[in-house]
Every structure is written in C-alpha cells, then in structure tokens.
Amino acid sequence: MSAMFTWTLLLLWVGSAAQDRTPDVAVICFNSEDCALPCSFQPGQNETVEWFRQGALLYRFDRNSSKDTFKAPHLAGRVFVSVQQISNGNASLILRRSAPHDRGMYSCHVQTSGGQHTTKVILKVEAPIRGLFLEQSRLSCYEEIKCSVSDVFPAPRVTWATEPPTFEDLRPVTRKHAKDSGLFSVDSRLPKLKGRPDLIYICKMTTSYSRSTWTASLRETEISGTEGRDLTIRCMAPTYLKNPSLYWTFSRGDNSALILSYDSQSDQKVSAPSWDGHLELDVYKAKFGDGSLRLMDPRHQEHSGSYACEFSEKFSRHVERSQVSIADPGDPSGQRSVVEKPSYWWILGVVAAGLVLVLAGLLAFLKLRGRDKKPRGHSDEETELNRVKNGDASQ
C-alpha cells in the first residue's frame, strides 16, 4: 500500500507541475516592429513577476511594494509589462523596435498566493525579404547576372537555375555582408553562359525562418525593326509562374513609363492613352503566360528605346528587357538601328589600285624594252651586208 500511495502522490505532483508549466512558445518578431512575448497564469494575490533572458534578469514586479524594476540597460525604454494586466493573469512582455540581437530564450516566472507558473519563450527576429533585384552587367567582353537583396535577417540561401535547363555548371559567387544592425546584404553574381542568348536566368532566395521562396528571373534581348512595319516584342512567362499579372514599361534615357498592364485575376487590360493605336496584346494568350506585345506602325523617334515586360506574383518576379531600335525612313535596311561594324572595303580598293599601277608599269617597261632591241637588230644586218659587199669587191 505504501508503494501505491507513493506513486499516487508522484503522479499528482507531476500533474500539478504540468499545469503550472506551459510548453515552450516560439515567437517570430519582425525587425523594427513591436511584438509580445506571452505569459499567462492563473490569477492570484501577492504576485511577483520576473522576466529573464538567457538566465539574466530583465524585469521584476512585486505586488507588495507595487514597484517594477528593469535590470537590462541595453533594453531600457524598449520593454514593457502592463501592471494593470498582471492582476488579470497576463504578464506578457512587450518588446518595442525588435532587432536581431534581441533573439534568444526568454522565461517568465510568476509567484502568486496560489502557486508558481513558468513560461519559456523562444524569440526569433526576422527581417523578411521584400523583393529581389536582378540585373545584367557588362564589363568589356564579360557579362554577368547580379542578384541582390539588402537588410534581411537571417542571411538567405541563394540558388541559381536556367530555363530551359542546361547541363553546364553554374558557378555563382555569393557574398553576405553583416551590418552593425545585425542585418545582412547579399550579393550573388553568375557569369552568363556563352552561346546561349535566349536563356532565362533564375535566382532564388530562402530564409530558415520562412517557408516562402523568393524568385526573380531575367532575360535580355535586342530587336531591330523598320519604321511603319509592325513588330512583335516577345515575352514568355517561366513555368514557375502560375497566374501572374503583366506590366509593360517603356524607357528612354532616365524617363520610364507604364504603357500597358494586364490583371489576370480581373482579366482587365489597361494601356496608356498616348500609346493607343500602337500596342496590341492577345489577352487570351496572356492568361497562359504569353505576354508578347505587338508594336503597330512604330516610329523611329517615338518608339526606339527599352521595353520591359514584367510578370509578377506575391513572391516571384520575371522581367524580359528588349532593346528595340526602329530604323528611320532614310535607312530602310535598318543598318542605323544597330551598331555599325567597321568597313574594310577601302583595303580592297587600295590593293586593286596597287595592282593596276603594277600592271601599267610592267606594260610600259616591256614597251620600252622592245624599242631598244629593234634598232640594234637593223645595225647588225647592215654590218653583215657590208662584209659581203667588201668580199665581192676584193675578188
């Protein structure tokens, strides 16, 4: 009986301890925002509340003295507990302007006339990705794609891919820089693959706190057209985009403007009034990821520039930039719309002129030589005749 009684008391003690102790709570705060670390308990009297971080005392409240004390100078002015709510069984800690260095293990200990209560809170601080920036840079004959993000925490993992997939090794160089604030800036650069101008380059970033993956992709092309002739600017959404919205922008120099948009949810298309009669989008094809734009009756001055097609979803963005050159009426072949290559016809002209001069000199030389030989021939004949005559005379 004594053994059974002992086990019964032990089970009752474990059960009461389990009621007084709640499981660990995980809380994610967003950088620079306020958040609450929960601590709820059964209301009682003569409460004493203590908050600890990594075992060090942060805050203490004693009902008997009606005084609350803060013990962490680095958190001065950023932590707060509502004394009025303590009597209702709520001793949650409010953390203002949270930052990455605030993360860690927090614990709340409450002593009342009815017993004790302990809550442990695992605090994580996240500075989420707000968007990826993808751009192409050229240095001499070297081209690369740069994928970057700033002011994030924790530092994300970066992966690269292409569409269509390639069997060549992708060798990006990724740098992660920690700022004094604890936030990270990430810069990943991938050399472009030679001989594959139509590839889409895809950059993905994922953080350990979030299940969402941010994706950005880019393709750049150059197109030439002729004034007055319709031109199609191609734009196809990658397969990872399911139901994106579409935006077309036009820029020349530092000026950029939205010229057309299509909302896949509402099936609405809107174009800029100044471009009426010059833009055509097949809405049916756009639903399935073909956002190609037909540029009708283009003009050299008005429509030569950079066109950007953007497909976007919540965590994904694909951009295709097309540098479009429209030849003016005086250049129907469109040669002025592209970079002129150096001409080598002058070399052929010089060589031909040299050959003509050589041939002329050779003919002149042969003619003069023929004249020199002819008089000498007549002199020899006359000498021989004189000899014959002289011989006859002597006989």
# chains A, B, ... in the order shown; residues from 1 in each chain; ligands from 1
call {"tool": "residues_around", "arguments": {"residues": "range 209-211 of chain A", "least_positions_apart": "4", "cutoff": "12 Å", "atoms": "only C-alpha atoms", "output": "MDAnalysis selection string"}}
result
chainID A and resid 26:30 123:129 152:157 205 315
call {"tool": "residues_around", "arguments": {"residues": "Ile202 in chain A", "least_positions_apart": "4", "cutoff": "6 Å", "atoms": "only C-alpha atoms", "output": "PyMOL selection string"}}
result
chain A and resi 160-162+216-217
call {"tool": "select_by_dssp", "arguments": {"residues": "range 17-247 of chain A", "states": "strand (DSSP E)", "output": "short mmCIF file (atom, residue, chain, number, x, y, z; two decimals) with C-alpha atoms, in the first residue's frame"}}
result
data_model
loop_
_atom_site.label_atom_id
_atom_site.label_comp_id
_atom_site.auth_asym_id
_atom_site.auth_seq_id
_atom_site.Cartn_x
_atom_site.Cartn_y
_atom_site.Cartn_z
CA VAL A 25 6.46 29.05 -27.08
CA ALA A 26 8.17 30.16 -30.30
CA VAL A 27 7.59 33.77 -31.31
CA ILE A 28 8.80 35.47 -34.50
CA CYS A 29 9.12 39.25 -34.39
CA PHE A 30 9.71 41.41 -37.44
CA CYS A 35 5.90 42.26 -30.53
CA ALA A 36 4.58 40.49 -27.44
CA LEU A 37 6.16 37.61 -25.52
CA THR A 48 5.73 38.56 -8.12
CA VAL A 49 6.64 38.62 -11.81
CA GLU A 50 10.15 38.14 -13.20
CA TRP A 51 11.34 38.05 -16.80
CA PHE A 52 14.75 36.58 -17.71
CA ARG A 53 16.74 36.49 -20.94
CA ALA A 56 19.82 37.22 -16.80
CA LEU A 57 17.08 39.21 -15.06
CA LEU A 58 15.37 41.78 -17.29
CA TYR A 59 12.29 42.85 -15.33
CA ARG A 60 10.78 42.36 -11.87
CA PHE A 61 7.44 43.37 -10.36
CA ASP A 62 6.46 42.91 -6.70
CA LYS A 67 7.19 48.58 -7.85
CA ASP A 68 8.51 47.32 -11.19
CA THR A 69 12.22 47.32 -11.93
CA PHE A 70 14.11 46.99 -15.21
CA VAL A 79 10.48 46.51 -22.78
CA PHE A 80 7.15 46.98 -21.04
CA LEU A 93 6.39 41.31 -22.10
CA ILE A 94 6.10 43.93 -24.85
CA LEU A 95 9.32 44.38 -26.83
CA GLY A 104 17.16 34.21 -27.69
CA MET A 105 15.49 32.32 -24.83
CA TYR A 106 13.21 34.32 -22.52
CA SER A 107 11.48 32.96 -19.42
CA CYS A 108 8.64 34.30 -17.30
CA HIS A 109 8.36 33.28 -13.61
CA VAL A 110 5.24 34.19 -11.67
CA GLN A 111 4.71 33.59 -7.92
CA THR A 112 1.21 34.07 -6.50
CA GLY A 115 1.39 28.77 -6.58
CA GLN A 116 4.06 29.23 -9.25
CA HIS A 117 3.97 29.47 -13.02
CA THR A 118 6.78 29.38 -15.61
CA THR A 119 6.67 30.15 -19.33
CA LYS A 120 9.61 29.88 -21.71
CA VAL A 121 9.58 31.85 -24.95
CA ILE A 122 11.98 31.29 -27.84
CA LEU A 123 12.24 34.62 -29.65
CA LYS A 124 13.26 34.82 -33.28
CA VAL A 125 13.65 38.13 -35.10
CA GLU A 126 13.19 38.23 -38.84
CA PHE A 133 16.83 42.83 -57.57
CA LEU A 134 18.12 41.18 -60.71
CA GLU A 135 20.18 42.96 -63.36
CA GLN A 136 22.68 42.27 -66.12
CA SER A 137 26.06 43.98 -66.20
CA ARG A 138 28.70 44.10 -68.93
CA LEU A 139 32.42 44.60 -68.43
CA TYR A 142 32.41 39.72 -69.80
CA GLU A 143 28.70 39.55 -68.93
CA GLU A 144 27.12 38.50 -65.65
CA ILE A 145 23.76 38.43 -63.88
CA LYS A 146 23.63 40.03 -60.43
CA CYS A 147 21.02 39.01 -57.83
CA SER A 148 20.93 41.10 -54.64
CA VAL A 149 18.89 41.80 -51.54
CA SER A 150 19.52 44.12 -48.59
CA ASP A 151 18.53 44.49 -44.92
CA VAL A 152 17.44 40.90 -44.32
CA ARG A 157 20.34 30.72 -49.01
CA VAL A 158 20.87 31.51 -52.71
CA THR A 159 20.39 29.08 -55.61
CA TRP A 160 20.54 29.59 -59.39
CA ALA A 161 18.85 27.86 -62.32
CA THR A 162 18.13 28.46 -66.01
CA GLU A 163 15.16 27.89 -68.25
CA VAL A 173 29.93 33.90 -56.47
CA THR A 174 27.82 34.85 -53.41
CA ARG A 175 28.84 37.36 -50.74
CA LYS A 176 26.98 38.00 -47.47
CA HIS A 177 27.79 41.17 -45.54
CA ALA A 178 26.62 41.70 -41.93
CA PHE A 184 22.55 41.24 -43.96
CA SER A 185 23.14 42.35 -47.52
CA VAL A 186 23.52 39.52 -50.02
CA ASP A 187 25.08 39.82 -53.47
CA SER A 188 25.25 36.82 -55.81
CA ARG A 189 26.78 37.04 -59.30
CA LEU A 190 26.54 34.46 -62.08
CA PRO A 191 28.59 34.63 -65.32
CA ILE A 200 16.28 32.80 -68.69
CA TYR A 201 18.42 33.17 -65.55
CA ILE A 202 16.57 32.37 -62.32
CA CYS A 203 17.72 33.42 -58.83
CA LYS A 204 16.04 32.01 -55.69
CA MET A 205 16.48 33.05 -52.04
CA THR A 206 15.10 31.27 -48.98
CA THR A 213 10.97 31.22 -51.53
CA TRP A 214 11.54 34.48 -53.36
CA THR A 215 12.27 34.08 -57.06
CA ALA A 216 13.47 36.56 -59.67
CA SER A 217 14.38 35.86 -63.28
CA LEU A 218 15.67 37.85 -66.22
CA ARG A 219 16.20 37.66 -69.96
CA GLU A 220 17.60 40.45 -72.17
CA THR A 221 17.37 40.71 -75.95
CA GLU A 222 17.93 43.20 -78.79
CA ILE A 223 15.41 43.72 -81.60
CA SER A 224 15.60 45.79 -84.80
CA GLY A 225 12.64 46.99 -86.84
CA THR A 226 11.70 49.40 -89.59
CA LEU A 231 6.99 44.47 -84.80
CA THR A 232 6.37 41.78 -82.16
CA ILE A 233 8.30 42.07 -78.88
CA SER A 245 -0.08 39.87 -63.56
CA LEU A 246 1.61 41.56 -66.51
CA TYR A 247 3.18 45.01 -66.84
#
call {"tool": "closest_residue", "arguments": {"among": "A:Pro73, A:Gln84, A:Gln45, A:Leu132", "to": "Gly114 in chain A", "atoms": "only C-alpha atoms"}}
result
A:Gln45
call {"tool": "closest_residue", "arguments": {"among": "A:Glu310, A:Asp328, A:Glu320, A:Asp267", "to": "Lys285 in chain A", "atoms": "only C-alpha atoms"}}
result
A:Asp267
call {"tool": "atom_distance", "arguments": {"atom1": "CA of Ser292 in chain A", "atom2": "CA of Arg130 in chain A"}}
result
27.7 Å
call {"tool": "closest_residue", "arguments": {"among": "A:Glu33, A:Thr166, A:Leu183, A:Ala99", "to": "Gly195 in chain A", "atoms": "only C-alpha atoms"}}
result
A:Thr166
call {"tool": "atom_distance", "arguments": {"atom1": "CA of Ser251 in chain A", "atom2": "CA of Pro273 in chain A"}}
result
16.3 Å
call {"tool": "closest_residue", "arguments": {"among": "A:Ser261, A:Ser98, A:Asn31, A:Cys39", "to": "Val81 in chain A", "atoms": "only C-alpha atoms"}}
result
A:Cys39
call {"tool": "closest_residue", "arguments": {"among": "A:Ile326, A:Ala257, A:Leu279, A:Ala91", "to": "Glu302 in chain A", "atoms": "only C-alpha atoms"}}
result
A:Ile326
call {"tool": "residues_around", "arguments": {"residues": "Glu227 in chain A", "least_positions_apart": "4", "cutoff": "7 Å", "atoms": "only C-alpha atoms", "output": "list in words"}}
result
Asp297, Pro298, Arg299, His300, Ile326, Ala327, Asp328 and Pro329 of chain A
call {"tool": "write_last_selection", "arguments": {"atoms": "N, CA and C atoms", "output": "short mmCIF file (atom, residue, chain, number, x, y, z; two decimals), in the first residue's frame"}}
result
data_model
loop_
_atom_site.label_atom_id
_atom_site.label_comp_id
_atom_site.auth_asym_id
_atom_site.auth_seq_id
_atom_site.Cartn_x
_atom_site.Cartn_y
_atom_site.Cartn_z
N ASP A 297 2.70 50.12 -86.36
CA ASP A 297 3.10 51.38 -87.01
C ASP A 297 4.14 52.13 -86.17
N PRO A 298 5.26 51.48 -85.85
CA PRO A 298 6.26 52.13 -84.98
C PRO A 298 6.96 53.28 -85.68
N ARG A 299 7.39 54.26 -84.88
CA ARG A 299 8.11 55.42 -85.37
C ARG A 299 9.51 55.46 -84.78
N HIS A 300 10.44 55.93 -85.61
CA HIS A 300 11.84 55.93 -85.19
C HIS A 300 12.05 56.74 -83.92
N ILE A 326 14.22 51.19 -84.00
CA ILE A 326 13.38 51.36 -85.19
C ILE A 326 14.14 52.24 -86.18
N ALA A 327 14.42 51.71 -87.36
CA ALA A 327 15.17 52.47 -88.38
C ALA A 327 14.32 53.61 -88.92
N ASP A 328 14.98 54.75 -89.18
CA ASP A 328 14.25 55.90 -89.72
C ASP A 328 14.01 55.72 -91.22
N PRO A 329 13.15 56.58 -91.83
CA PRO A 329 12.82 56.39 -93.26
C PRO A 329 14.02 56.43 -94.18
#
call {"tool": "decode", "arguments": {"residues": "range 224-354 of chain A", "atoms": "C-alpha atoms", "output": "PDB file, in the first residue's frame"}}
result
ATOM      1  CA  SER A 224      15.595  45.792 -84.800  1.00  0.00           C
ATOM      2  CA  GLY A 225      12.639  46.995 -86.840  1.00  0.00           C
ATOM      3  CA  THR A 226      11.695  49.395 -89.590  1.00  0.00           C
ATOM      4  CA  GLU A 227       9.511  52.441 -89.284  1.00  0.00           C
ATOM      5  CA  GLY A 228       5.929  51.767 -90.316  1.00  0.00           C
ATOM      6  CA  ARG A 229       6.250  47.964 -90.125  1.00  0.00           C
ATOM      7  CA  ASP A 230       4.579  46.125 -87.226  1.00  0.00           C
ATOM      8  CA  LEU A 231       6.991  44.468 -84.802  1.00  0.00           C
ATOM      9  CA  THR A 232       6.369  41.783 -82.156  1.00  0.00           C
ATOM     10  CA  ILE A 233       8.296  42.074 -78.881  1.00  0.00           C
ATOM     11  CA  ARG A 234       8.406  38.614 -77.388  1.00  0.00           C
ATOM     12  CA  CYS A 235       7.736  37.932 -73.690  1.00  0.00           C
ATOM     13  CA  MET A 236       7.048  34.490 -72.207  1.00  0.00           C
ATOM     14  CA  ALA A 237       6.461  33.723 -68.510  1.00  0.00           C
ATOM     15  CA  PRO A 238       8.657  30.976 -66.989  1.00  0.00           C
ATOM     16  CA  THR A 239       6.973  27.762 -65.909  1.00  0.00           C
ATOM     17  CA  TYR A 240       7.353  28.542 -62.195  1.00  0.00           C
ATOM     18  CA  LEU A 241       4.795  31.362 -62.543  1.00  0.00           C
ATOM     19  CA  LYS A 242       1.206  30.120 -62.418  1.00  0.00           C
ATOM     20  CA  ASN A 243      -1.181  33.078 -62.572  1.00  0.00           C
ATOM     21  CA  PRO A 244       0.851  36.292 -62.765  1.00  0.00           C
ATOM     22  CA  SER A 245      -0.081  39.868 -63.565  1.00  0.00           C
ATOM     23  CA  LEU A 246       1.606  41.557 -66.511  1.00  0.00           C
ATOM     24  CA  TYR A 247       3.176  45.013 -66.837  1.00  0.00           C
ATOM     25  CA  TRP A 248       4.868  46.620 -69.846  1.00  0.00           C
ATOM     26  CA  THR A 249       7.077  49.696 -69.403  1.00  0.00           C
ATOM     27  CA  PHE A 250       8.981  51.837 -71.876  1.00  0.00           C
ATOM     28  CA  SER A 251      12.080  53.839 -71.067  1.00  0.00           C
ATOM     29  CA  ARG A 252      14.462  56.087 -72.946  1.00  0.00           C
ATOM     30  CA  GLY A 253      17.272  57.697 -71.015  1.00  0.00           C
ATOM     31  CA  ASP A 254      16.140  58.380 -67.452  1.00  0.00           C
ATOM     32  CA  ASN A 255      12.436  58.513 -68.324  1.00  0.00           C
ATOM     33  CA  SER A 256      10.346  55.390 -67.714  1.00  0.00           C
ATOM     34  CA  ALA A 257       6.578  54.959 -68.035  1.00  0.00           C
ATOM     35  CA  LEU A 258       3.991  52.204 -67.691  1.00  0.00           C
ATOM     36  CA  ILE A 259       2.434  51.713 -71.122  1.00  0.00           C
ATOM     37  CA  LEU A 260       0.254  48.610 -70.579  1.00  0.00           C
ATOM     38  CA  SER A 261      -0.930  46.367 -67.748  1.00  0.00           C
ATOM     39  CA  TYR A 262      -2.985  43.176 -67.536  1.00  0.00           C
ATOM     40  CA  ASP A 263      -4.557  41.765 -64.351  1.00  0.00           C
ATOM     41  CA  SER A 264      -5.013  38.017 -64.644  1.00  0.00           C
ATOM     42  CA  GLN A 265      -7.462  37.970 -61.731  1.00  0.00           C
ATOM     43  CA  SER A 266      -9.915  40.506 -63.150  1.00  0.00           C
ATOM     44  CA  ASP A 267      -8.987  39.847 -66.793  1.00  0.00           C
ATOM     45  CA  GLN A 268      -8.623  43.609 -67.307  1.00  0.00           C
ATOM     46  CA  LYS A 269      -6.186  45.282 -69.722  1.00  0.00           C
ATOM     47  CA  VAL A 270      -5.252  48.957 -69.462  1.00  0.00           C
ATOM     48  CA  SER A 271      -2.976  50.871 -71.843  1.00  0.00           C
ATOM     49  CA  ALA A 272      -1.612  54.406 -71.746  1.00  0.00           C
ATOM     50  CA  PRO A 273      -3.680  56.823 -73.912  1.00  0.00           C
ATOM     51  CA  SER A 274      -0.557  58.141 -75.637  1.00  0.00           C
ATOM     52  CA  TRP A 275       0.112  54.639 -76.969  1.00  0.00           C
ATOM     53  CA  ASP A 276      -3.369  53.999 -78.366  1.00  0.00           C
ATOM     54  CA  GLY A 277      -3.157  52.526 -81.846  1.00  0.00           C
ATOM     55  CA  HIS A 278       0.413  51.343 -81.333  1.00  0.00           C
ATOM     56  CA  LEU A 279       0.019  48.440 -78.838  1.00  0.00           C
ATOM     57  CA  GLU A 280      -1.767  45.140 -79.162  1.00  0.00           C
ATOM     58  CA  LEU A 281      -1.854  42.335 -76.569  1.00  0.00           C
ATOM     59  CA  ASP A 282      -3.566  38.988 -77.035  1.00  0.00           C
ATOM     60  CA  VAL A 283      -5.408  38.686 -73.713  1.00  0.00           C
ATOM     61  CA  TYR A 284      -6.237  35.026 -74.280  1.00  0.00           C
ATOM     62  CA  LYS A 285      -2.554  34.149 -74.723  1.00  0.00           C
ATOM     63  CA  ALA A 286      -1.585  36.358 -71.771  1.00  0.00           C
ATOM     64  CA  LYS A 287      -3.689  34.122 -69.493  1.00  0.00           C
ATOM     65  CA  PHE A 288      -1.359  31.256 -70.368  1.00  0.00           C
ATOM     66  CA  GLY A 289       1.898  33.164 -69.959  1.00  0.00           C
ATOM     67  CA  ASP A 290       2.414  34.652 -73.436  1.00  0.00           C
ATOM     68  CA  GLY A 291       2.655  38.394 -72.865  1.00  0.00           C
ATOM     69  CA  SER A 292       4.164  39.241 -76.246  1.00  0.00           C
ATOM     70  CA  LEU A 293       3.397  42.787 -77.374  1.00  0.00           C
ATOM     71  CA  ARG A 294       2.666  43.794 -80.949  1.00  0.00           C
ATOM     72  CA  LEU A 295       4.069  47.242 -81.746  1.00  0.00           C
ATOM     73  CA  MET A 296       1.987  48.651 -84.596  1.00  0.00           C
ATOM     74  CA  ASP A 297       3.100  51.380 -87.010  1.00  0.00           C
ATOM     75  CA  PRO A 298       6.259  52.135 -84.977  1.00  0.00           C
ATOM     76  CA  ARG A 299       8.113  55.422 -85.372  1.00  0.00           C
ATOM     77  CA  HIS A 300      11.840  55.929 -85.194  1.00  0.00           C
ATOM     78  CA  GLN A 301      11.807  58.828 -82.739  1.00  0.00           C
ATOM     79  CA  GLU A 302       8.857  57.839 -80.569  1.00  0.00           C
ATOM     80  CA  HIS A 303       9.268  54.070 -80.249  1.00  0.00           C
ATOM     81  CA  SER A 304      13.010  53.332 -80.218  1.00  0.00           C
ATOM     82  CA  GLY A 305      14.096  52.500 -76.664  1.00  0.00           C
ATOM     83  CA  SER A 306      13.996  49.881 -73.948  1.00  0.00           C
ATOM     84  CA  TYR A 307      10.851  47.804 -73.387  1.00  0.00           C
ATOM     85  CA  ALA A 308      10.450  45.800 -70.169  1.00  0.00           C
ATOM     86  CA  CYS A 309       7.877  43.074 -69.701  1.00  0.00           C
ATOM     87  CA  GLU A 310       7.241  42.043 -66.074  1.00  0.00           C
ATOM     88  CA  PHE A 311       5.279  39.029 -64.843  1.00  0.00           C
ATOM     89  CA  SER A 312       4.739  39.201 -61.082  1.00  0.00           C
ATOM     90  CA  GLU A 313       3.181  37.188 -58.258  1.00  0.00           C
ATOM     91  CA  LYS A 314       3.428  37.521 -54.474  1.00  0.00           C
ATOM     92  CA  PHE A 315       6.957  36.137 -54.123  1.00  0.00           C
ATOM     93  CA  SER A 316       8.030  35.945 -57.763  1.00  0.00           C
ATOM     94  CA  ARG A 317       9.029  38.371 -60.493  1.00  0.00           C
ATOM     95  CA  HIS A 318      10.166  37.758 -64.075  1.00  0.00           C
ATOM     96  CA  VAL A 319      11.477  40.527 -66.327  1.00  0.00           C
ATOM     97  CA  GLU A 320      12.328  40.498 -70.031  1.00  0.00           C
ATOM     98  CA  ARG A 321      14.095  43.593 -71.325  1.00  0.00           C
ATOM     99  CA  SER A 322      14.207  44.232 -75.056  1.00  0.00           C
ATOM    100  CA  GLN A 323      16.304  46.998 -76.579  1.00  0.00           C
ATOM    101  CA  VAL A 324      14.272  47.967 -79.627  1.00  0.00           C
ATOM    102  CA  SER A 325      15.719  50.039 -82.490  1.00  0.00           C
ATOM    103  CA  ILE A 326      13.385  51.359 -85.193  1.00  0.00           C
ATOM    104  CA  ALA A 327      15.167  52.467 -88.376  1.00  0.00           C
ATOM    105  CA  ASP A 328      14.253  55.903 -89.719  1.00  0.00           C
ATOM    106  CA  PRO A 329      12.819  56.389 -93.256  1.00  0.00           C
ATOM    107  CA  GLY A 330      16.249  57.260 -94.679  1.00  0.00           C
ATOM    108  CA  ASP A 331      17.595  53.900 -93.546  1.00  0.00           C
ATOM    109  CA  PRO A 332      15.102  51.239 -94.668  1.00  0.00           C
ATOM    110  CA  SER A 333      17.630  48.469 -94.277  1.00  0.00           C
ATOM    111  CA  GLY A 334      17.768  49.165 -90.553  1.00  0.00           C
ATOM    112  CA  GLN A 335      21.513  49.455 -90.513  1.00  0.00           C
ATOM    113  CA  ARG A 336      21.380  52.596 -88.370  1.00  0.00           C
ATOM    114  CA  SER A 337      19.436  50.741 -85.707  1.00  0.00           C
ATOM    115  CA  VAL A 338      22.350  48.518 -84.854  1.00  0.00           C
ATOM    116  CA  VAL A 339      25.938  49.236 -84.043  1.00  0.00           C
ATOM    117  CA  GLU A 340      27.824  49.821 -87.285  1.00  0.00           C
ATOM    118  CA  LYS A 341      30.699  47.480 -87.933  1.00  0.00           C
ATOM    119  CA  PRO A 342      33.984  48.841 -89.352  1.00  0.00           C
ATOM    120  CA  SER A 343      34.226  48.655 -93.150  1.00  0.00           C
ATOM    121  CA  TYR A 344      37.196  47.023 -94.860  1.00  0.00           C
ATOM    122  CA  TRP A 345      36.270  47.885 -98.483  1.00  0.00           C
ATOM    123  CA  TRP A 346      38.907  50.615 -98.567  1.00  0.00           C
ATOM    124  CA  ILE A 347      41.608  47.971 -98.132  1.00  0.00           C
ATOM    125  CA  LEU A 348      40.358  46.117-101.203  1.00  0.00           C
ATOM    126  CA  GLY A 349      40.331  49.400-103.121  1.00  0.00           C
ATOM    127  CA  VAL A 350      43.937  50.148-102.210  1.00  0.00           C
ATOM    128  CA  VAL A 351      45.028  46.643-103.229  1.00  0.00           C
ATOM    129  CA  ALA A 352      43.189  46.899-106.567  1.00  0.00           C
ATOM    130  CA  ALA A 353      44.717  50.307-107.310  1.00  0.00           C
ATOM    131  CA  GLY A 354      48.170  48.907-106.488  1.00  0.00           C
TER     132      GLY A 354
END
